[in-house]
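Just run_37.cif here, mmCIF, C-alpha atoms:
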data_structure
#
loop_
_atom_site.label_atom_id
_atom_site.label_comp_id
_atom_site.auth_asym_id
_atom_site.auth_seq_id
_atom_site.Cartn_x
_atom_site.Cartn_y
_atom_site.Cartn_z
CA THR A 26 0.00 0.00 0.00
CA GLU A 27 2.86 2.38 0.75
CA GLY A 28 4.11 1.96 -2.80
CA VAL A 29 0.66 2.89 -4.10
CA ILE A 30 0.58 5.97 -1.85
CA TRP A 31 3.98 7.19 -3.10
CA ALA A 32 3.00 6.50 -6.70
CA THR A 33 -0.20 8.52 -6.19
CA LEU A 34 1.79 11.38 -4.65
CA ASN A 35 4.22 11.36 -7.59
CA LEU A 36 1.29 11.48 -10.01
CA ALA A 37 -0.17 14.43 -8.09
CA GLN A 38 3.14 16.29 -8.36
CA ALA A 39 3.31 15.56 -12.09
CA ARG A 40 -0.25 16.80 -12.64
CA ASN A 41 0.44 19.99 -10.75
CA LEU A 42 3.62 20.58 -12.76
CA ILE A 43 1.63 20.56 -16.02
CA GLY A 44 -0.97 22.91 -14.54
CA ASP A 45 -3.76 20.42 -13.83
CA ALA A 46 -4.42 21.48 -10.22
CA ASP A 47 -7.86 19.81 -10.03
CA ALA A 48 -6.48 16.39 -10.96
CA ALA A 49 -3.59 16.90 -8.53
CA ALA A 50 -6.04 17.70 -5.71
CA GLU A 51 -8.08 14.54 -6.46
CA LEU A 52 -4.93 12.40 -6.40
CA LEU A 53 -3.86 13.92 -3.09
CA GLU A 54 -7.26 13.10 -1.64
CA GLN A 55 -6.80 9.49 -2.82
CA ALA A 56 -3.36 9.40 -1.19
CA ARG A 57 -4.84 10.72 2.05
CA THR A 58 -7.56 8.05 2.00
CA LEU A 59 -4.98 5.31 1.43
CA SER A 60 -2.82 6.60 4.29
CA ARG A 61 -5.56 6.57 6.93
CA GLY A 62 -4.76 4.32 9.86
CA LYS A 63 -1.09 4.02 8.94
CA ARG A 64 0.14 6.53 11.55
CA ASP A 65 3.12 7.35 9.33
CA GLY A 66 4.15 10.93 10.00
CA HIS A 67 6.43 11.12 6.97
CA ILE A 68 3.66 10.11 4.57
CA SER A 69 1.09 12.38 6.23
CA SER A 70 3.48 15.34 6.09
CA SER A 71 4.36 14.60 2.46
CA ILE A 72 0.67 14.84 1.59
CA LEU A 73 0.34 18.04 3.62
CA LEU A 74 3.30 19.57 1.78
CA GLU A 75 1.76 18.90 -1.62
CA GLU A 76 -1.62 20.23 -0.47
CA ALA A 77 0.07 23.38 0.88
CA ILE A 78 1.82 23.95 -2.44
CA LEU A 79 -1.49 23.62 -4.31
CA GLU A 80 -3.20 26.04 -1.92
CA ALA A 81 -0.37 28.57 -2.14
CA GLU A 82 -0.50 28.48 -5.94
CA ALA A 83 -4.27 28.91 -5.83
CA GLY A 84 -3.89 32.00 -3.63
CA ASP A 85 -5.20 30.47 -0.39
CA VAL A 86 -2.25 31.78 1.61
CA ALA A 87 -3.74 31.22 5.08
CA ALA A 88 -4.54 27.56 4.46
CA ALA A 89 -1.13 26.93 2.87
CA ARG A 90 0.64 28.61 5.79
CA ASP A 91 -1.25 26.43 8.29
CA ARG A 92 -0.26 23.25 6.47
CA PHE A 93 3.40 24.27 6.15
CA ARG A 94 3.48 25.06 9.86
CA ALA A 95 1.98 21.65 10.65
CA VAL A 96 4.68 19.97 8.55
CA TYR A 97 7.38 22.05 10.25
CA ARG A 98 6.18 21.06 13.74
CA SER A 99 5.78 17.41 12.78
CA GLY A 100 9.19 17.27 11.13
CA ARG A 101 10.91 18.83 14.13
CA ARG A 102 9.14 16.42 16.48
CA ARG A 103 10.03 13.37 14.40
CA ARG A 104 13.56 14.68 13.64
CA ASP A 105 12.65 14.58 9.96
CA TYR A 106 14.70 17.68 9.34
CA ASP A 107 14.47 17.50 5.55
CA GLN A 108 10.70 17.88 5.66
CA ALA A 109 10.88 20.55 8.35
CA LEU A 110 13.44 22.45 6.27
CA THR A 111 11.22 22.35 3.17
CA ALA A 112 8.32 23.75 5.21
CA ALA A 113 10.44 26.48 6.85
CA LYS A 114 11.80 27.64 3.48
CA ASN A 115 8.29 27.79 2.01
CA LEU A 116 7.10 29.80 5.00
CA ALA A 117 10.01 32.22 4.53
CA VAL A 118 9.16 32.63 0.83
CA MET A 119 5.50 33.24 1.68
CA ALA A 120 6.49 35.89 4.23
CA ASN A 121 8.63 37.55 1.57
CA GLU A 122 5.75 37.54 -0.91
CA GLY A 123 3.52 38.99 1.80
CA ALA A 124 6.04 41.79 2.49
CA GLN A 125 6.61 40.60 6.07
CA PRO A 126 10.40 40.86 6.45
CA ARG A 127 10.54 40.18 10.19
CA ARG A 128 8.49 37.02 9.83
CA GLU A 129 10.66 36.08 6.86
CA VAL A 130 13.79 36.52 9.01
CA HIS A 131 12.26 34.22 11.65
CA TRP A 132 11.66 31.43 9.16
CA TRP A 133 15.07 31.77 7.52
CA GLU A 134 16.62 31.46 10.98
CA ALA A 135 14.57 28.33 11.59
CA ALA A 136 15.68 26.98 8.20
CA SER A 137 19.32 27.80 9.00
CA ALA A 138 19.17 25.78 12.22
CA LEU A 139 17.73 22.80 10.33
CA ALA A 140 20.34 22.99 7.57
CA SER A 141 22.99 23.01 10.30
CA GLU A 142 21.47 19.86 11.83
CA LEU A 143 21.58 18.23 8.39
CA ARG A 144 25.18 19.43 7.85
CA ASP A 145 24.13 20.64 4.41
CA TRP A 146 26.56 23.47 3.72
CA ARG A 147 25.06 24.35 0.34
CA GLU A 148 21.65 24.86 1.92
CA GLN A 149 23.28 26.80 4.75
CA GLN A 150 24.99 29.29 2.46
CA ASP A 151 21.82 29.74 0.38
CA ILE A 152 19.78 30.33 3.52
CA GLU A 153 22.29 32.76 5.04
CA ARG A 154 22.17 34.83 1.88
CA ALA A 155 18.36 34.83 1.86
CA ARG A 156 18.39 35.69 5.56
CA GLY A 157 20.76 38.58 4.87
CA VAL A 158 18.39 40.03 2.27
CA ALA A 159 15.43 39.72 4.66
CA LEU A 160 17.38 41.35 7.50
CA ALA A 161 18.31 44.26 5.24
CA LYS A 162 14.68 44.72 4.19
CA SER A 163 13.70 44.91 7.86
CA GLY A 164 16.36 47.56 8.49
CA GLN A 165 18.73 45.28 10.42
CA TYR A 166 21.74 46.15 8.28
CA ASP A 167 24.56 45.10 10.60
CA GLU A 168 22.94 41.70 11.15
CA ALA A 169 22.42 41.40 7.38
CA MET A 170 26.12 41.96 6.68
CA SER A 171 26.97 39.39 9.35
CA ALA A 172 24.72 36.88 7.56
CA PHE A 173 26.61 37.47 4.31
CA ASP A 174 29.92 37.14 6.18
CA ARG A 175 28.72 33.74 7.37
CA ALA A 176 27.78 32.77 3.80
CA ILE A 177 31.24 33.84 2.57
CA GLU A 178 32.87 31.85 5.37
CA ILE A 179 30.88 28.70 4.54
CA ASN A 180 31.67 28.98 0.83
CA ASP A 181 35.36 29.65 1.44
CA GLU A 182 35.55 26.58 3.70
CA HIS A 183 34.26 24.46 0.80
CA ASP A 184 36.18 26.20 -2.02
CA ASN A 185 32.93 27.44 -3.56
CA ALA A 186 34.39 30.54 -5.19
CA ILE A 187 31.33 31.51 -7.26
CA ASP A 188 28.90 31.72 -4.34
CA SER A 189 31.54 33.34 -2.15
CA ALA A 190 31.92 36.14 -4.70
CA ARG A 191 28.15 36.49 -5.10
CA SER A 192 27.73 36.67 -1.32
CA ARG A 193 30.40 39.38 -1.22
CA ALA A 194 28.53 41.32 -3.92
CA ASP A 195 25.34 41.03 -1.86
CA LYS A 196 27.13 42.27 1.24
CA GLY A 197 28.42 45.30 -0.66
CA ALA A 198 24.92 46.08 -1.91
CA VAL A 199 23.58 45.94 1.66
CA ALA A 200 26.30 48.31 2.91
CA LEU A 201 25.35 50.69 0.08
CA ASP A 202 21.65 50.41 0.91
CA HIS A 203 22.41 51.11 4.58
CA ALA A 204 24.28 54.30 3.64
CA ALA A 205 21.59 55.50 1.24
CA LYS A 206 18.48 54.64 3.26
CA GLY A 207 19.60 54.24 6.85
CA ASP A 208 19.52 57.06 9.38
CA VAL A 209 23.29 57.43 9.73
CA SER A 210 25.71 60.22 10.61
CA ASP A 211 27.93 61.81 7.95
CA GLU A 212 30.91 59.93 9.35
CA ARG A 213 29.07 56.60 9.24
CA PHE A 214 27.85 57.40 5.70
CA ASP A 215 31.45 57.85 4.56
CA GLU A 216 32.50 54.61 6.27
CA LEU A 217 29.66 52.63 4.71
CA THR A 218 30.10 53.95 1.18
CA GLU A 219 33.86 53.38 1.33
CA LEU A 220 33.27 49.83 2.59
CA ALA A 221 30.59 49.19 -0.05
CA VAL A 222 32.82 50.31 -2.93
CA GLU A 223 35.73 48.24 -1.64
CA ILE A 224 33.62 45.10 -1.24
CA LEU A 225 31.77 45.51 -4.54
CA ASP A 226 34.96 46.13 -6.51
CA THR A 227 36.55 43.02 -4.99
CA ALA A 228 33.43 41.02 -5.87
CA ARG A 229 33.41 42.45 -9.40
CA ARG A 230 36.99 41.36 -10.05
CA GLU A 231 36.37 37.91 -8.59
CA LEU A 232 33.23 37.44 -10.69
CA GLU A 233 35.07 38.57 -13.83
CA LEU A 234 37.82 36.02 -13.23
CA LEU A 235 35.17 33.32 -12.72
CA GLY A 236 33.38 34.32 -15.93
CA ASP A 237 30.16 35.17 -14.07
CA PHE A 238 29.47 38.33 -16.05
CA GLU A 239 25.78 38.48 -15.19
CA TRP A 240 26.54 38.91 -11.49
CA ALA A 241 29.57 41.09 -12.28
CA ALA A 242 27.23 43.46 -14.16
CA ILE A 243 25.00 43.73 -11.08
CA ALA A 244 28.08 44.58 -9.01
CA VAL A 245 29.05 47.24 -11.59
CA ARG A 246 25.65 48.93 -11.37
CA ASN A 247 25.88 49.01 -7.58
CA LEU A 248 29.46 50.29 -7.82
CA ARG A 249 28.26 53.13 -10.01
CA THR A 250 25.84 54.16 -7.25
CA GLY A 251 28.63 53.89 -4.67
CA TRP A 252 30.99 56.09 -6.67
CA VAL A 253 28.24 58.67 -7.18
CA LEU A 254 27.48 58.73 -3.45
CA ARG A 255 31.19 59.18 -2.69
CA LYS A 256 31.52 61.81 -5.46
CA THR A 257 34.38 59.84 -7.03
CA GLU A 258 32.69 59.33 -10.40
CA ALA A 259 35.76 60.06 -12.55
CA GLU A 260 37.82 57.54 -10.58
CA GLY A 261 35.09 54.94 -11.02
CA ALA A 262 34.81 55.61 -14.74
CA ALA A 263 38.54 55.01 -15.15
CA VAL A 264 38.26 51.67 -13.32
CA LEU A 265 35.41 50.51 -15.55
CA ILE A 266 37.02 51.59 -18.81
CA ASP A 267 40.22 49.80 -17.85
CA ALA A 268 38.17 46.66 -17.15
CA ALA A 269 36.35 47.03 -20.48
CA GLU A 270 39.65 47.17 -22.35
CA HIS A 271 40.73 43.88 -20.79
CA LEU A 272 37.37 42.10 -21.15
CA ARG A 273 36.39 42.64 -24.76
CA ALA A 274 35.74 38.90 -25.19
CA ASP A 275 32.34 39.19 -23.49
CA ALA A 276 30.53 41.78 -25.60
CA ASP A 277 27.48 42.21 -23.35
CA TYR A 278 29.58 42.80 -20.26
CA SER A 279 31.89 45.17 -22.10
CA VAL A 280 28.78 47.14 -23.11
CA GLU A 281 27.70 47.32 -19.46
CA LEU A 282 31.11 48.57 -18.36
CA ARG A 283 31.26 51.29 -21.02
CA ARG A 284 27.70 52.42 -20.44
CA ASN A 285 28.22 52.80 -16.70
CA ALA A 286 31.57 54.52 -17.20
CA ALA A 287 29.91 57.05 -19.50
CA TRP A 288 27.16 57.87 -17.02
CA LEU A 289 29.72 58.22 -14.24
CA LEU A 290 31.67 60.84 -16.20
CA LEU A 291 28.49 62.71 -17.01
CA ALA A 292 27.44 62.58 -13.34
CA ALA A 293 30.85 64.03 -12.47
CA GLY A 294 29.81 67.19 -14.31
CA THR A 295 32.09 66.99 -17.34
CA SER A 296 32.61 70.22 -19.25
CA ALA A 297 31.43 70.71 -22.81
CA GLU A 298 34.95 69.92 -24.05
CA ASP A 299 34.86 66.53 -22.30
CA ASP A 300 31.36 65.57 -23.43
CA ALA A 301 32.73 63.70 -26.44
CA ARG A 302 34.32 61.01 -24.27
CA PRO A 303 31.19 59.60 -22.55
CA ALA A 304 29.21 60.06 -25.77
CA GLU A 305 31.71 57.89 -27.65
CA TRP A 306 31.59 55.26 -24.91
CA LEU A 307 27.80 55.16 -25.18
CA VAL A 308 28.16 54.82 -28.95
CA ASP A 309 30.63 51.95 -28.47
CA ALA A 310 28.20 50.28 -26.04
CA ALA A 311 25.29 50.53 -28.46
CA THR A 312 27.43 49.28 -31.35
CA LEU A 313 28.43 46.20 -29.37
CA SER A 314 24.91 45.58 -28.06
CA SER A 315 23.36 44.56 -31.39
CA THR A 316 24.19 43.88 -35.03
CA ASP A 317 20.67 44.85 -36.09
CA ARG A 318 20.71 48.42 -37.42
CA VAL A 319 17.21 49.32 -36.27
CA GLU A 320 17.75 47.89 -32.77
CA ARG A 321 21.09 49.68 -32.48
CA ALA A 322 19.53 52.97 -33.59
CA TRP A 323 16.75 52.64 -31.03
CA SER A 324 19.29 51.86 -28.31
CA LEU A 325 21.23 55.02 -29.16
CA ALA A 326 18.06 57.10 -29.37
CA LYS A 327 16.83 55.87 -25.99
CA GLN A 328 20.12 56.84 -24.31
CA ALA A 329 20.10 60.17 -26.18
CA ALA A 330 16.62 60.92 -24.82
CA THR A 331 17.85 60.21 -21.28
CA LEU A 332 20.83 62.52 -21.84
CA THR A 333 18.52 65.27 -23.11
CA ALA A 334 16.27 64.92 -20.06
CA ARG A 335 19.33 65.40 -17.83
CA GLY A 336 20.55 68.47 -19.70
CA PHE A 337 23.37 66.86 -21.72
CA ASP A 338 22.28 68.15 -25.12
CA ARG A 339 25.65 67.99 -26.86
CA PRO A 340 26.38 64.28 -26.22
CA ALA A 341 22.69 63.55 -26.86
CA LEU A 342 22.90 65.09 -30.33
CA ARG A 343 26.03 63.04 -31.02
CA LEU A 344 24.12 59.84 -30.17
CA TYR A 345 21.13 60.84 -32.31
CA ASP A 346 23.41 61.59 -35.26
CA VAL A 347 25.27 58.28 -34.94
CA ALA A 348 21.91 56.50 -34.81
CA LEU A 349 20.83 58.24 -38.03
CA GLU A 350 24.19 57.61 -39.75
CA GLY A 351 23.76 53.86 -39.22
CA LEU A 352 20.18 53.85 -40.47
CA SER A 353 18.30 54.93 -43.57
CA PRO A 354 14.60 55.54 -44.24
CA SER A 355 14.57 52.36 -46.32
CA ASP A 356 15.44 50.30 -43.22
CA ASP A 357 12.47 51.65 -41.27
CA ALA A 358 11.08 55.02 -42.30
CA SER A 359 9.04 55.49 -39.12
CA VAL A 360 12.01 54.80 -36.83
CA PHE A 361 14.30 57.04 -38.88
CA GLY A 362 11.72 59.86 -38.90
CA ASN A 363 11.03 59.63 -35.18
CA ILE A 364 14.74 59.69 -34.25
CA LEU A 365 15.32 62.63 -36.60
CA ASN A 366 12.35 64.46 -35.08
CA ASP A 367 13.57 63.81 -31.49
CA SER A 368 17.06 65.05 -32.34
CA VAL A 369 15.66 68.54 -32.94
CA LEU A 370 15.09 68.94 -29.19
CA THR A 371 18.85 68.87 -28.53
CA ILE A 372 19.81 71.63 -30.98
CA ASP A 373 20.30 75.20 -29.82
CA GLN A 374 17.28 77.00 -31.25
CA GLU A 375 19.25 80.18 -32.08
CA SER A 376 22.67 79.11 -33.38
CA GLY A 377 21.30 75.93 -34.90
CA LEU A 378 18.14 77.28 -36.51
CA ASP A 379 19.12 76.19 -40.04
CA ASP A 380 19.91 72.68 -38.77
CA VAL A 381 16.54 72.51 -37.00
CA ARG A 382 14.72 73.65 -40.15
CA GLY A 383 16.56 71.12 -42.29
CA ARG A 384 15.79 68.22 -39.98
CA LEU A 385 12.10 69.10 -39.68
CA LEU A 386 11.76 69.39 -43.47
CA ARG A 387 13.33 65.94 -43.81
CA VAL A 388 10.88 64.55 -41.23
CA GLU A 389 7.96 66.08 -43.16
CA GLN A 390 9.24 64.60 -46.43
CA ILE A 391 9.50 61.09 -44.89
CA ALA A 392 6.05 61.45 -43.33
CA ARG A 393 4.45 62.37 -46.66
CA GLU A 394 6.25 59.61 -48.57
CA THR A 395 5.15 56.97 -46.03
CA ASP A 396 1.80 58.56 -45.12
CA ASP A 397 2.88 58.45 -41.45
CA ARG A 398 0.15 60.43 -39.67
CA VAL A 399 2.07 60.48 -36.39
CA LEU A 400 5.09 62.15 -37.96
CA LEU A 401 2.86 64.55 -39.90
CA SER A 402 1.25 65.70 -36.65
#
Written as structure tokens, how would this file's structure read?
Amino acid sequence: TEGVIWATLNLAQARNLIGDADAAAELLEQARTLSRGKRDGHISSSILLEEAILEAEAGDVAAARDRFRAVYRSGRRRRDYDQALTAAKNLAVMANEGAQPRREVHWWEAASALASELRDWREQQDIERARGVALAKSGQYDEAMSAFDRAIEINDEHDNAIDSARSRADKGAVALDHAAKGDVSDERFDELTELAVEILDTARRELELLGDFEWAAIAVRNLRTGWVLRKTEAEGAAVLIDAAEHLRADADYSVELRRNAAWLLLAAGTSAEDDARPAEWLVDAATLSSTDRVERAWSLAKQAATLTARGFDRPALRLYDVALEGLSPSDDASVFGNILNDSVLTIDQESGLDDVRGRLLRVEQIARETDDRVLLS
């Protein structure tokens, strides 16, 4: 009979995975009927876990929470720590989804204790990182950084370089968040931002060496914020451009480095004479980001619009012009016309009046040839 129960449970899981929740619920009811009188806590809790998952997915949060708690208590009592751990992790996730960071912290702490009992270091490091995020969300920044320190320690003990570097990147992000959002003195602000930049830059270099460019890019974006907060944007831009020169093999990451370096220089308040540098870096980034001419033009135009909104008209016009140089009306008349029309906003209306007039006449010509009512308006 036990074999039949487990087979029924497996079928229920399979049905739920393909989205047939009703069939899964019927199979779980069959498994429950078969298990009656067996007094097998592991089987009963396995059924409860699957029912809780179904209820959570259906939006019945209260019922799912009750079942997960029942599994957690039963697992602890029976020393079935695997089941208790599964329940505790689900309860932590539910608390996160319900925007209850303190409750989430509680359940991650419970999960951490269970992972320790199981001597499962991979689970432990995962849980410590999740606990760190929850602690930061609840404003317990020092405790959050300690959680990430513990994750780093666990990973270093087991030569798990990738998760050690990711944990370090998370710790740096928390230090940055503490400085930006926490109620701290000027002295503490300086300490935290300096620490954040140091940690994030270490993590970035580690992640680059490991080839984890997705996480390295996240570290770069956080570093950019750190350098802005410390008002060391030019220094940060130099670091990123140097990295970009040495990491051309990964085009997407090189794009990210150049883009962030450009925005750092612009944030530093570059003079009109220096505007060409970040503009060219943004052009390089867009060129590397796509081989499709229309996509590349849109990428340049989007960044140009952001530059215009922030008062950087000269580099914005450079980006618009590069976008137009790499495109023709025959590629996509509407896109070409819209970018040409938007570029007018960046031109000085007095000294560049003839240029403005010429661009608008070209837009009108394209609109009439293509009968584009939007451009004509």
Take the PyMOL selection byres ((chain A and resi 223-238) around 8), apply it to the structure above, and return the hits as a VMD selection string.
-> chain A and resid 187 190 to 191 193 to 194 196 to 198 219 to 222 239 to 242 244 to 245 247 to 248 278
Which polymer residues have any atom within 6 Å of an atom of segment 68-77 of chain A, counting all atoms listed in the file, with same-chain residues fewer than 5 positions away left out, as an NGL selection string?
-> :A and (89 or 92 or 96)
As a check of understanding: the span from atom CA of Asp215 of chain A to atom CA of Thr257 of chain A is 12.1 Å
Using the chain letters and residue numbers of this document, give as a VMD selection string the residues selected by the PyMOL selection byres ((chain A and resi 290) around 12).
-> chain A and resid 249 252 to 253 256 to 266 283 to 289 291 to 297 299 to 307 337 340
Expand the PyMOL selection byres ((chain A and resi 341) around 9) into the individual residues it matches in the shown file, reporting them as a PyMOL selection string.
-> chain A and resi 304+325-326+328-333+336-340+342-346+368+371
Hey, what's within 6 Å of segment 44-61 of chain A if we count only C-alpha atoms and toss same-chain stuff fewer than 6 positions away? As a PyMOL selection string, please?
-> chain A and resi 30+33+37
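Relative to atom CA of His131 of chain A, atom CA of Ala161 of chain A is found at 13.4 Å.
Taking atom CA of Ser192 of chain A and atom CA of Ala176 of chain A as endpoints, the distance between them is 6.4 Å.
For the set A:His67, A:Arg393, A:Arg213, A:His203, the residue with the smallest atom-to-atom gap to Gln165 of chain A is A:His203, counting all atoms listed in the file.
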Find the residues around Ser189 of chain A up to 6 Å (only C-alpha atoms counted), leave out those fewer than 3 positions away in its own chain, and share them as a ChimeraX atom specification.
-> /A:177,180,186,192
